[in-house]
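Novice: Handing over coords-v4.txt, compact mmCIF, C-alpha atoms (C1' of nucleotides).
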```txt
# COMPACT_ATOMS: atom_id res chain seq x y z
CA MET L 1359 1.53 -11.71 2.50
CA ASP L 1360 4.76 -10.38 1.10
CA LEU L 1361 5.50 -8.33 -1.97
CA GLN L 1362 6.18 -11.36 -4.19
CA GLU L 1363 2.75 -12.79 -3.49
CA LYS L 1364 0.91 -9.53 -3.95
CA LEU L 1365 2.61 -9.03 -7.28
CA ASN L 1366 1.76 -12.53 -8.49
CA GLN L 1367 -1.82 -12.01 -7.46
CA LYS L 1368 -2.09 -9.11 -9.89
CA GLY L 1369 0.04 -10.60 -12.63
CA LEU L 1370 2.85 -8.17 -11.91
CA ARG L 1371 6.53 -8.98 -11.70
CA MET L 1372 9.19 -8.94 -9.02
CA THR L 1373 12.13 -6.89 -10.18
CA ARG L 1374 15.45 -5.79 -8.81
CA PRO L 1375 14.45 -2.12 -8.39
CA ARG L 1376 11.37 -3.13 -6.46
CA ARG L 1377 13.44 -5.32 -4.20
CA VAL L 1378 15.92 -2.51 -3.67
CA VAL L 1379 13.32 0.09 -2.69
CA LEU L 1380 11.70 -2.32 -0.29
CA SER L 1381 15.04 -3.27 1.21
CA ILE L 1382 15.99 0.36 1.77
CA LEU L 1383 12.70 1.03 3.47
CA GLU L 1384 13.17 -2.01 5.66
CA ALA L 1385 16.52 -0.69 6.81
CA ALA L 1386 15.15 2.76 7.64
CA SER L 1387 13.84 4.02 10.95
CA VAL L 1388 13.10 7.46 9.56
CA PRO L 1389 10.55 8.30 6.87
CA LEU L 1390 12.29 8.56 3.49
CA SER L 1391 11.32 10.66 0.51
CA ALA L 1392 11.51 9.37 -3.04
CA GLY L 1393 14.65 11.40 -3.62
CA THR L 1394 16.37 10.05 -0.54
CA ILE L 1395 15.57 6.48 -1.42
CA TYR L 1396 17.00 7.12 -4.85
CA GLN L 1397 20.23 8.45 -3.34
CA LYS L 1398 20.59 5.47 -1.06
CA ALA L 1399 20.07 3.12 -3.98
CA LEU L 1400 22.85 4.82 -5.91
CA GLU L 1401 25.13 4.52 -2.89
CA ARG L 1402 24.50 0.79 -3.04
CA LYS L 1403 25.72 0.91 -6.64
CA GLU L 1404 22.28 -0.02 -7.90
CA ARG L 1405 21.34 1.01 -11.39
CA ILE L 1406 17.94 2.57 -10.83
CA GLY L 1407 16.00 5.61 -11.97
CA LEU L 1408 14.28 8.14 -9.77
CA VAL L 1409 11.13 7.64 -11.77
CA THR L 1410 11.09 3.99 -10.84
CA VAL L 1411 11.34 4.89 -7.18
CA TYR L 1412 8.22 7.02 -7.50
CA ARG L 1413 6.39 4.25 -9.30
CA THR L 1414 7.45 1.64 -6.78
CA LEU L 1415 6.34 3.77 -3.86
CA GLU L 1416 2.98 4.25 -5.55
CA LEU L 1417 2.71 0.51 -5.96
CA LEU L 1418 3.70 -0.26 -2.39
CA ASP L 1419 1.18 2.29 -1.26
CA GLU L 1420 -1.59 0.58 -3.20
CA PHE L 1421 -0.58 -2.65 -1.55
CA GLY L 1422 -0.73 -0.93 1.81
CA MET L 1423 2.84 -1.94 2.48
CA VAL L 1424 4.00 1.58 3.01
CA ARG L 1425 2.62 4.64 4.76
CA ARG L 1426 3.16 8.31 4.23
CA ALA L 1427 4.48 10.20 7.20
CA HIS L 1428 3.04 13.69 7.40
CA SER L 1429 5.35 15.71 9.57
CA GLN L 1430 4.35 19.36 9.83
CA ASP L 1431 6.88 20.48 7.26
CA GLU L 1432 7.89 17.39 5.32
CA CYS L 1433 4.95 15.35 4.11
CA HIS L 1434 6.77 13.39 1.51
CA GLY L 1435 8.21 10.67 3.64
CA TYR L 1436 7.41 7.01 3.21
CA LEU L 1437 7.72 4.41 5.92
CA LEU L 1438 7.35 0.67 5.77
CA ALA L 1439 4.03 -0.33 7.28
CA SER L 1440 3.61 -3.29 9.53
CA PRO L 1441 0.49 -5.31 8.80
CA GLY L 1442 -2.63 -4.07 10.53
CA HIS L 1443 -3.60 -0.55 11.38
CA HIS L 1444 -0.74 1.42 12.84
CA HIS L 1445 0.17 4.99 13.55
CA ASN L 1446 3.47 6.76 13.65
CA LEU L 1447 5.29 8.22 16.60
CA VAL L 1448 7.93 10.65 15.40
CA CYS L 1449 10.80 12.14 17.37
CA HIS L 1450 10.92 15.91 16.88
CA THR L 1451 14.67 15.97 17.21
CA CYS L 1452 16.12 13.02 15.32
CA MET L 1453 13.02 12.13 13.30
CA LYS L 1454 13.34 8.50 14.37
CA THR L 1455 9.93 6.96 13.88
CA VAL L 1456 8.25 3.97 15.44
CA GLU L 1457 4.82 2.56 14.83
CA PHE L 1458 2.22 1.81 17.39
CA PRO L 1459 -0.98 -0.14 16.89
CA GLY L 1460 -4.52 0.57 17.98
CA SER L 1461 -7.49 2.06 16.24
CA GLU L 1462 -10.03 0.90 18.84
CA ASP L 1463 -8.83 3.67 21.09
CA LEU L 1464 -10.24 6.21 18.71
CA SER L 1465 -13.75 4.84 18.51
CA GLY L 1466 -14.89 7.08 21.35
CA ILE L 1467 -13.75 10.21 19.60
CA VAL L 1468 -15.05 9.02 16.25
CA GLN L 1469 -18.51 8.38 17.62
CA ARG L 1470 -18.70 11.74 19.31
CA VAL L 1471 -17.57 13.56 16.20
CA GLN L 1472 -20.03 11.65 14.01
CA ARG L 1473 -22.84 12.65 16.30
CA GLN L 1474 -21.76 16.29 16.39
CA THR L 1475 -21.06 16.79 12.71
CA GLY L 1476 -23.27 14.35 10.84
CA TYR L 1477 -20.24 13.12 8.97
CA GLN L 1478 -19.81 9.39 8.48
CA VAL L 1479 -16.24 8.65 9.52
CA ASN L 1480 -14.46 5.75 7.91
CA ASP L 1481 -10.77 6.44 8.14
CA HIS L 1482 -8.27 8.46 10.08
CA LEU L 1483 -4.73 9.65 10.35
CA LEU L 1484 -3.07 9.87 13.71
CA GLU L 1485 0.50 10.82 14.33
CA LEU L 1486 2.17 11.57 17.63
CA TYR L 1487 5.25 13.73 18.09
CA GLY L 1488 7.67 13.84 20.95
CA LEU L 1489 11.13 12.95 22.10
CA CYS L 1490 12.58 9.48 21.72
CA PRO L 1491 14.41 7.97 24.69
CA SER L 1492 17.91 8.81 23.48
CA CYS L 1493 17.03 12.40 22.60
CA GLN L 1494 15.52 12.89 26.04
CA GLU L 1495 18.97 12.47 27.61
CA SER L 1496 20.75 15.20 25.67
CA MET C 466 -5.46 37.82 19.27
CA ASP C 467 -5.83 38.70 15.62
CA LEU C 468 -3.30 39.09 12.86
CA GLN C 469 -2.85 42.83 13.37
CA GLU C 470 -1.87 42.36 16.99
CA LYS C 471 0.48 39.48 16.32
CA LEU C 472 2.20 41.54 13.65
CA ASN C 473 2.60 44.55 15.88
CA GLN C 474 4.04 42.37 18.59
CA LYS C 475 6.88 41.41 16.29
CA GLY C 476 7.33 44.76 14.64
CA LEU C 477 5.85 43.50 11.39
CA ARG C 478 3.36 45.27 9.18
CA MET C 479 -0.20 44.69 8.12
CA THR C 480 -0.42 44.78 4.35
CA ARG C 481 -3.07 44.32 1.72
CA PRO C 482 -1.73 40.94 0.47
CA ARG C 483 -1.76 39.57 4.00
CA ARG C 484 -5.30 40.73 4.51
CA VAL C 485 -6.33 39.14 1.20
CA VAL C 486 -4.84 35.73 1.97
CA LEU C 487 -6.44 35.69 5.37
CA SER C 488 -9.77 36.73 3.95
CA ILE C 489 -9.67 33.99 1.32
CA LEU C 490 -8.90 31.40 3.95
CA GLU C 491 -11.73 32.70 6.09
CA ALA C 492 -14.17 32.17 3.24
CA ALA C 493 -13.02 28.62 2.53
CA SER C 494 -14.42 25.38 3.87
CA VAL C 495 -11.91 23.30 1.95
CA PRO C 496 -8.17 23.27 2.50
CA LEU C 497 -6.49 25.53 -0.05
CA SER C 498 -3.03 25.25 -1.54
CA ALA C 499 -0.80 28.25 -2.13
CA GLY C 500 -1.58 28.10 -5.83
CA THR C 501 -5.32 28.02 -5.30
CA ILE C 502 -5.21 30.95 -2.94
CA TYR C 503 -3.22 32.84 -5.53
CA GLN C 504 -5.84 32.09 -8.20
CA LYS C 505 -8.67 33.24 -5.99
CA ALA C 506 -6.82 36.43 -5.21
CA LEU C 507 -6.45 37.16 -8.92
CA GLU C 508 -10.15 36.52 -9.42
CA ARG C 509 -10.74 39.21 -6.84
CA LYS C 510 -8.64 41.52 -9.03
CA GLU C 511 -6.01 41.75 -6.38
CA ARG C 512 -2.49 42.56 -7.42
CA ILE C 513 -0.53 39.89 -5.63
CA GLY C 514 2.36 37.54 -6.31
CA LEU C 515 2.38 33.80 -5.75
CA VAL C 516 5.57 34.21 -3.77
CA THR C 517 3.82 36.46 -1.34
CA VAL C 518 1.13 33.85 -0.81
CA TYR C 519 3.80 31.33 0.16
CA ARG C 520 5.40 33.80 2.49
CA THR C 521 2.13 34.77 4.07
CA LEU C 522 1.14 31.16 4.66
CA GLU C 523 4.49 30.58 6.31
CA LEU C 524 3.88 33.56 8.52
CA LEU C 525 0.36 32.53 9.43
CA ASP C 526 1.68 29.09 10.20
CA GLU C 527 4.26 30.50 12.60
CA PHE C 528 1.48 32.44 14.26
CA GLY C 529 -0.50 29.22 14.52
CA MET C 530 -3.36 30.87 12.68
CA VAL C 531 -3.43 28.28 9.97
CA ARG C 532 -3.10 24.50 9.86
CA ARG C 533 -1.91 22.17 7.19
CA ALA C 534 -4.38 19.55 6.07
CA HIS C 535 -2.63 16.29 5.29
CA SER C 536 -4.92 14.28 3.09
CA GLN C 537 -3.38 11.05 1.90
CA ASP C 538 -2.51 12.44 -1.51
CA GLU C 539 -2.60 16.20 -1.20
CA CYS C 540 -0.70 17.50 1.78
CA HIS C 541 -0.34 21.03 0.67
CA GLY C 542 -3.63 22.42 1.83
CA TYR C 543 -3.95 25.19 4.37
CA LEU C 544 -6.96 25.79 6.51
CA LEU C 545 -7.73 28.60 8.90
CA ALA C 546 -7.31 27.40 12.44
CA SER C 547 -9.75 28.31 15.15
CA PRO C 548 -8.11 29.19 18.43
CA GLY C 549 -7.39 26.23 20.66
CA HIS C 550 -6.46 22.76 19.65
CA HIS C 551 -8.55 21.40 16.81
CA HIS C 552 -8.46 18.58 14.34
CA ASN C 553 -9.79 18.27 10.84
CA LEU C 554 -12.58 16.12 9.55
CA VAL C 555 -12.33 15.84 5.77
CA CYS C 556 -14.94 14.55 3.35
CA HIS C 557 -13.41 12.04 0.99
CA THR C 558 -15.72 13.06 -1.82
CA CYS C 559 -16.04 16.83 -1.83
CA MET C 560 -13.06 17.62 0.41
CA LYS C 561 -15.24 19.86 2.54
CA THR C 562 -13.49 20.16 5.85
CA VAL C 563 -14.72 20.99 9.32
CA GLU C 564 -12.80 21.26 12.53
CA PHE C 565 -13.57 19.52 15.74
CA PRO C 566 -12.05 20.20 19.13
CA GLY C 567 -10.70 17.89 21.78
CA SER C 568 -7.23 16.78 22.68
CA GLU C 569 -8.24 15.39 26.07
CA ASP C 570 -9.74 12.41 24.29
CA LEU C 571 -6.30 11.33 23.23
CA SER C 572 -4.69 11.31 26.63
CA GLY C 573 -5.47 7.64 27.11
CA ILE C 574 -3.72 6.64 23.94
CA VAL C 575 -0.86 9.00 24.57
CA GLN C 576 -0.19 7.58 28.00
CA ARG C 577 -0.28 4.01 26.80
CA VAL C 578 2.10 4.75 23.95
CA GLN C 579 4.48 6.62 26.21
CA ARG C 580 4.59 3.65 28.52
CA GLN C 581 5.16 1.22 25.69
CA THR C 582 7.76 3.15 23.73
CA GLY C 583 9.62 5.31 26.22
CA TYR C 584 8.96 8.30 23.99
CA GLN C 585 7.86 11.54 25.59
CA VAL C 586 4.84 12.66 23.62
CA ASN C 587 4.13 16.38 23.38
CA ASP C 588 2.16 16.93 20.22
CA HIS C 589 -0.05 15.14 17.77
CA LEU C 590 -1.82 15.24 14.46
CA LEU C 591 -5.24 13.74 14.11
CA GLU C 592 -7.36 13.84 11.02
CA LEU C 593 -10.57 11.97 10.33
CA TYR C 594 -11.90 11.10 6.90
CA GLY C 595 -15.39 10.22 5.87
CA LEU C 596 -18.49 11.40 4.11
CA CYS C 597 -20.13 14.71 4.85
CA PRO C 598 -23.91 14.80 5.22
CA SER C 599 -24.64 15.98 1.69
CA CYS C 600 -22.32 13.48 0.06
CA GLN C 601 -23.96 10.67 1.99
CA GLU C 602 -27.19 11.27 0.09
CA SER C 603 -25.80 10.87 -3.39
C1' DA S 491 0.03 66.00 5.61
C1' DT S 492 5.03 64.91 4.55
C1' DC S 493 9.26 62.57 5.25
C1' DC S 494 12.13 58.39 6.51
C1' DT S 495 13.24 54.03 7.68
C1' DT S 496 12.87 49.52 6.59
C1' DA S 497 9.60 45.57 6.21
C1' DT S 498 7.36 43.85 2.26
C1' DT S 499 6.31 43.03 -2.34
C1' DG S 500 6.36 41.11 -7.16
C1' DA S 501 8.93 39.57 -11.22
C1' DA S 502 12.19 36.66 -12.78
C1' DA S 503 15.29 33.09 -12.13
C1' DA S 504 16.94 29.14 -9.73
C1' DT S 505 15.69 24.66 -7.37
C1' DA S 506 13.17 20.93 -6.28
C1' DT S 507 9.54 17.73 -6.95
C1' DT S 508 6.47 14.92 -9.62
C1' DT S 509 4.47 13.14 -13.89
C1' DA S 510 4.38 11.72 -18.88
C1' DT S 511 6.57 9.57 -23.01
C1' DC S 512 8.75 5.88 -25.27
C1' DA S 513 12.25 2.77 -27.03
C1' DA S 514 15.07 -0.79 -24.77
C1' DT S 515 15.23 -4.34 -21.25
C1' DA S 516 14.18 -8.36 -18.61
C1' DA S 517 10.51 -11.45 -15.78
C1' DG S 518 8.36 -15.35 -15.95
C1' DA S 519 5.42 -18.55 -18.43
C1' DT S 520 5.71 -21.90 -22.22
C1' DA Y 1042 15.80 -21.07 -25.35
C1' DT Y 1043 11.88 -18.31 -26.81
C1' DC Y 1044 8.08 -15.28 -26.57
C1' DT Y 1045 4.96 -12.01 -24.56
C1' DT Y 1046 4.47 -8.02 -22.21
C1' DA Y 1047 5.26 -5.70 -17.67
C1' DT Y 1048 8.89 -2.77 -16.34
C1' DT Y 1049 12.68 0.15 -16.66
C1' DG Y 1050 15.51 4.40 -17.21
C1' DA Y 1051 16.65 8.58 -19.91
C1' DT Y 1052 14.78 12.61 -21.41
C1' DA Y 1053 11.54 15.94 -21.39
C1' DA Y 1054 7.66 18.28 -19.54
C1' DA Y 1055 4.89 19.91 -15.98
C1' DT Y 1056 4.39 21.53 -11.07
C1' DA Y 1057 5.68 23.24 -6.97
C1' DT Y 1058 8.72 25.88 -3.98
C1' DT Y 1059 12.59 28.95 -2.82
C1' DT Y 1060 15.96 32.67 -3.67
C1' DT Y 1061 17.34 37.19 -5.23
C1' DC Y 1062 16.84 41.98 -5.55
C1' DA Y 1063 15.32 46.49 -6.97
C1' DA Y 1064 10.93 48.97 -6.35
C1' DT Y 1065 7.11 49.86 -3.27
C1' DA Y 1066 4.49 51.10 0.69
C1' DA Y 1067 3.47 50.74 6.16
C1' DG Y 1068 3.53 53.21 9.81
C1' DG Y 1069 6.17 55.96 13.18
C1' DA Y 1070 8.36 60.52 13.49
C1' DT Y 1071 8.15 65.28 12.32
```
Starting from the file, give its structure as structure tokens.
Specialist:
Amino acid sequence: MDLQEKLNQKGLRMTRPRRVVLSILEAASVPLSAGTIYQKALERKERIGLVTVYRTLELLDEFGMVRRAHSQDECHGYLLASPGHHHNLVCHTCMKTVEFPGSEDLSGIVQRVQRQTGYQVNDHLLELYGLCPSCQES
Amino acid sequence: MDLQEKLNQKGLRMTRPRRVVLSILEAASVPLSAGTIYQKALERKERIGLVTVYRTLELLDEFGMVRRAHSQDECHGYLLASPGHHHNLVCHTCMKTVEFPGSEDLSGIVQRVQRQTGYQVNDHLLELYGLCPSCQES
DNA sequence: ATCCTTATTGAAAATATTTATCAATAAGAT
DNA sequence: ATCTTATTGATAAATATTTTCAATAAGGAT
């Protein structure tokens, strides 16, 4: 289900700024902060306000169409989310980020932790860090 | 190795503010932001500046004595890190946080992802969310 | 205990980030 | 084309973080 449909479903409207933010995120392979998205929009000669970027990101987040990337230092980056449960794999050097699927793999850990702590686990955040292929060469 | 030793090793000094921040973190079971730590210090009638809290957290982070907790919304919380590799388990409701050990459990996932992406994985961030025992009752 | 060197601090100011307000605009149904 | 109202952007306000710098104090030397 794409943005247009989700908006209709809630009686909300498709607007140019929303299209722009989404488009910028689609073109990115690195998590972008609100400010950065705003800059890129201006470069495209779009008339848009920073405030709207924040609001749009909030909206996309509610729709689950975007994920926050929590690097150790910068935790303000947003990344377009593919449907389904994914995690991010971030390159330490160039920050290039790819997603990888799979939450089943965690069920072992989750069960052990539930047993040990008494907590009832219902969500998780997993992010891997490393070197992407091209950064491995240099 | 405790703070005193790590400081000596780098020719740095143990000071009252540093002791205070550490002590506040030791007493916490919930991730604390710089501002919150500052407040708690004032409550203790300590003469300390917010700036110093930021600096101390940065220092403790370099020493690996503290970890950032990246909840979906708030990613500015710091939590004392036990030695070794740990992850956080955060209660959605009361934010009470406990650590749990174990990075071996991830090796399966890591290997699969490395194979699939060509990335060389060397670090990770794992956080679980759920309900702590006492919040399950209510 | 006293002196010295210099890491450290706190206050204030400068930046950066995020949220709230509100009149003007424009989406989309009629 | 018109009407209703969700949405926008500018401004301002609120938060959060970093920089600057003179004053302070840790801790080794004496």
Novice: Which residues are close to Leu1370 of chain L, i.e. within 10 Å by only C-alpha atoms (C1' of nucleotides), leaving aside same-chain residues fewer than 6 positions away? Reply as a list in words.
Specialist: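 Non-adjacent residues within range: Gln1362, Glu1363 and Lys1364 of chain L; DA517 and DG518 of chain S; DA1047 and DT1048 of chain Y.
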Novice: Excluding same-chain residues fewer than 6 positions from DA513 of chain S, what lies within 12 Å of it counting all atoms listed in the file, as a list of chain:residue names?
Specialist: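 After dropping sequence-adjacent residues, the list is Y:DT1049, Y:DG1050, Y:DA1051, Y:DT1052.
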Novice: Please return the superposed copy of chain C as a short mmCIF file (atom, residue, chain, number, x, y, z; two decimals) with C-alpha atoms, keeping the file's coordinate frame; the fit should be least squares onto chain L across all sequentially paired Cα atoms.
Specialist:
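Now in out.cif:
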```
data_model
loop_
_atom_site.label_atom_id
_atom_site.label_comp_id
_atom_site.auth_asym_id
_atom_site.auth_seq_id
_atom_site.Cartn_x
_atom_site.Cartn_y
_atom_site.Cartn_z
CA MET C 466 1.24 -11.57 2.28
CA ASP C 467 4.51 -10.29 0.90
CA LEU C 468 5.32 -8.24 -2.15
CA GLN C 469 5.94 -11.25 -4.39
CA GLU C 470 2.49 -12.63 -3.72
CA LYS C 471 0.71 -9.33 -4.15
CA LEU C 472 2.47 -8.86 -7.48
CA ASN C 473 1.57 -12.30 -8.72
CA GLN C 474 -2.03 -11.72 -7.75
CA LYS C 475 -2.19 -8.81 -10.15
CA GLY C 476 -0.07 -10.30 -12.88
CA LEU C 477 2.80 -7.95 -12.09
CA ARG C 478 6.46 -8.82 -11.87
CA MET C 479 9.06 -8.88 -9.15
CA THR C 480 12.07 -6.88 -10.25
CA ARG C 481 15.39 -5.86 -8.81
CA PRO C 482 14.46 -2.16 -8.38
CA ARG C 483 11.34 -3.12 -6.46
CA ARG C 484 13.32 -5.39 -4.21
CA VAL C 485 15.87 -2.62 -3.62
CA VAL C 486 13.31 0.02 -2.63
CA LEU C 487 11.61 -2.37 -0.28
CA SER C 488 14.90 -3.39 1.25
CA ILE C 489 15.92 0.22 1.83
CA LEU C 490 12.63 0.95 3.51
CA GLU C 491 13.02 -2.13 5.67
CA ALA C 492 16.37 -0.87 6.92
CA ALA C 493 15.07 2.60 7.76
CA SER C 494 13.75 3.89 11.05
CA VAL C 495 13.11 7.34 9.64
CA PRO C 496 10.59 8.21 6.96
CA LEU C 497 12.34 8.44 3.60
CA SER C 498 11.44 10.57 0.61
CA ALA C 499 11.65 9.30 -2.95
CA GLY C 500 14.84 11.27 -3.46
CA THR C 501 16.50 9.87 -0.37
CA ILE C 502 15.64 6.33 -1.31
CA TYR C 503 17.12 6.97 -4.72
CA GLN C 504 20.36 8.24 -3.15
CA LYS C 505 20.65 5.24 -0.89
CA ALA C 506 20.10 2.93 -3.82
CA LEU C 507 22.95 4.59 -5.70
CA GLU C 508 25.18 4.22 -2.67
CA ARG C 509 24.46 0.52 -2.86
CA LYS C 510 25.72 0.64 -6.46
CA GLU C 511 22.32 -0.22 -7.75
CA ARG C 512 21.41 0.84 -11.24
CA ILE C 513 18.06 2.47 -10.70
CA GLY C 514 16.17 5.54 -11.85
CA LEU C 515 14.48 8.09 -9.62
CA VAL C 516 11.34 7.64 -11.66
CA THR C 517 11.23 4.01 -10.77
CA VAL C 518 11.45 4.87 -7.09
CA TYR C 519 8.38 7.07 -7.45
CA ARG C 520 6.55 4.36 -9.28
CA THR C 521 7.50 1.72 -6.79
CA LEU C 522 6.40 3.83 -3.85
CA GLU C 523 3.08 4.38 -5.58
CA LEU C 524 2.74 0.66 -6.03
CA LEU C 525 3.67 -0.15 -2.46
CA ASP C 526 1.20 2.45 -1.33
CA GLU C 527 -1.59 0.81 -3.32
CA PHE C 528 -0.64 -2.47 -1.71
CA GLY C 529 -0.82 -0.77 1.67
CA MET C 530 2.73 -1.87 2.37
CA VAL C 531 3.96 1.62 2.97
CA ARG C 532 2.59 4.67 4.76
CA ARG C 533 3.16 8.33 4.27
CA ALA C 534 4.51 10.20 7.25
CA HIS C 535 3.03 13.68 7.44
CA SER C 536 5.31 15.75 9.60
CA GLN C 537 4.27 19.37 9.81
CA ASP C 538 6.83 20.51 7.27
CA GLU C 539 7.91 17.43 5.37
CA CYS C 540 5.02 15.34 4.16
CA HIS C 541 6.85 13.38 1.58
CA GLY C 542 8.27 10.64 3.72
CA TYR C 543 7.46 6.99 3.26
CA LEU C 544 7.72 4.39 5.94
CA LEU C 545 7.28 0.65 5.76
CA ALA C 546 3.96 -0.31 7.24
CA SER C 547 3.57 -3.29 9.49
CA PRO C 548 0.46 -5.31 8.81
CA GLY C 549 -2.63 -4.09 10.60
CA HIS C 550 -3.54 -0.58 11.47
CA HIS C 551 -0.68 1.42 12.91
CA HIS C 552 0.20 5.00 13.59
CA ASN C 553 3.49 6.81 13.66
CA LEU C 554 5.31 8.32 16.57
CA VAL C 555 7.94 10.75 15.31
CA CYS C 556 10.80 12.30 17.25
CA HIS C 557 10.89 16.03 16.69
CA THR C 558 14.66 16.12 17.00
CA CYS C 559 16.11 13.15 15.16
CA MET C 560 13.01 12.20 13.16
CA LYS C 561 13.36 8.61 14.29
CA THR C 562 9.98 7.05 13.85
CA VAL C 563 8.31 4.07 15.46
CA GLU C 564 4.89 2.64 14.87
CA PHE C 565 2.31 1.91 17.46
CA PRO C 566 -0.89 -0.06 17.01
CA GLY C 567 -4.42 0.63 18.10
CA SER C 568 -7.42 2.04 16.34
CA GLU C 569 -9.89 0.87 18.97
CA ASP C 570 -8.70 3.69 21.19
CA LEU C 571 -10.18 6.18 18.80
CA SER C 572 -13.67 4.77 18.67
CA GLY C 573 -14.83 7.06 21.45
CA ILE C 574 -13.74 10.16 19.63
CA VAL C 575 -15.02 8.88 16.33
CA GLN C 576 -18.47 8.23 17.71
CA ARG C 577 -18.71 11.61 19.35
CA VAL C 578 -17.63 13.40 16.19
CA GLN C 579 -20.05 11.42 14.06
CA ARG C 580 -22.86 12.42 16.36
CA GLN C 581 -21.85 16.06 16.34
CA THR C 582 -21.17 16.49 12.65
CA GLY C 583 -23.37 14.01 10.83
CA TYR C 584 -20.31 12.78 8.97
CA GLN C 585 -19.82 9.06 8.55
CA VAL C 586 -16.26 8.39 9.62
CA ASN C 587 -14.43 5.46 8.04
CA ASP C 588 -10.75 6.22 8.23
CA HIS C 589 -8.26 8.29 10.13
CA LEU C 590 -4.73 9.54 10.36
CA LEU C 591 -3.05 9.83 13.71
CA GLU C 592 0.51 10.84 14.29
CA LEU C 593 2.20 11.67 17.56
CA TYR C 594 5.25 13.87 17.96
CA GLY C 595 7.69 14.04 20.79
CA LEU C 596 11.15 13.18 21.96
CA CYS C 597 12.62 9.72 21.64
CA PRO C 598 14.48 8.28 24.62
CA SER C 599 17.96 9.15 23.39
CA CYS C 600 17.06 12.70 22.45
CA GLN C 601 15.57 13.25 25.89
CA GLU C 602 19.02 12.87 27.43
CA SER C 603 20.74 15.57 25.45
#
```
Novice: Using all atoms listed in the file, collect all residues at a distance of at most 10 Å from (14.4, 28.2, -0.6) as written in the file, then present them as JSON, numbers by chain.
Specialist: {"S": [504, 505, 506], "Y": [1058, 1059, 1060]}
Novice: Could you jot down the atom CA of Leu554 of chain C to atom CA of Met1423 of chain L separation for me, Å, one decimal place?
Specialist: 24.8 Å
Novice: Provide as a list in words the residues of chain Y at most 12 Å from chain C, counting only C-alpha atoms (C1' of nucleotides).
Specialist: DT1056, DA1057, DT1058, DT1059, DT1060, DT1065, DA1066, DA1067, DG1068 and DG1069 of chain Y
Novice: Select, as an NGL selection string, those residues of chain S with any atom no more than 8 Å from chain C (distances computed using all atoms listed in the file).
Specialist: :S and (497 or 499-500)
Novice: Please determine the contact residues of chain L with respect to chain C at a cut-off of 7 Å, counting all atoms listed in the file, and supply them as a PyMOL selection string.
Specialist: chain L and resi 1428+1433+1463+1467+1476-1491
Novice: Hey, can you check how far atom CA of Val486 of chain C sits from atom C1' of DT507 of chain S?
Specialist: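 Computing it gives 24.7 Å between the two atoms.
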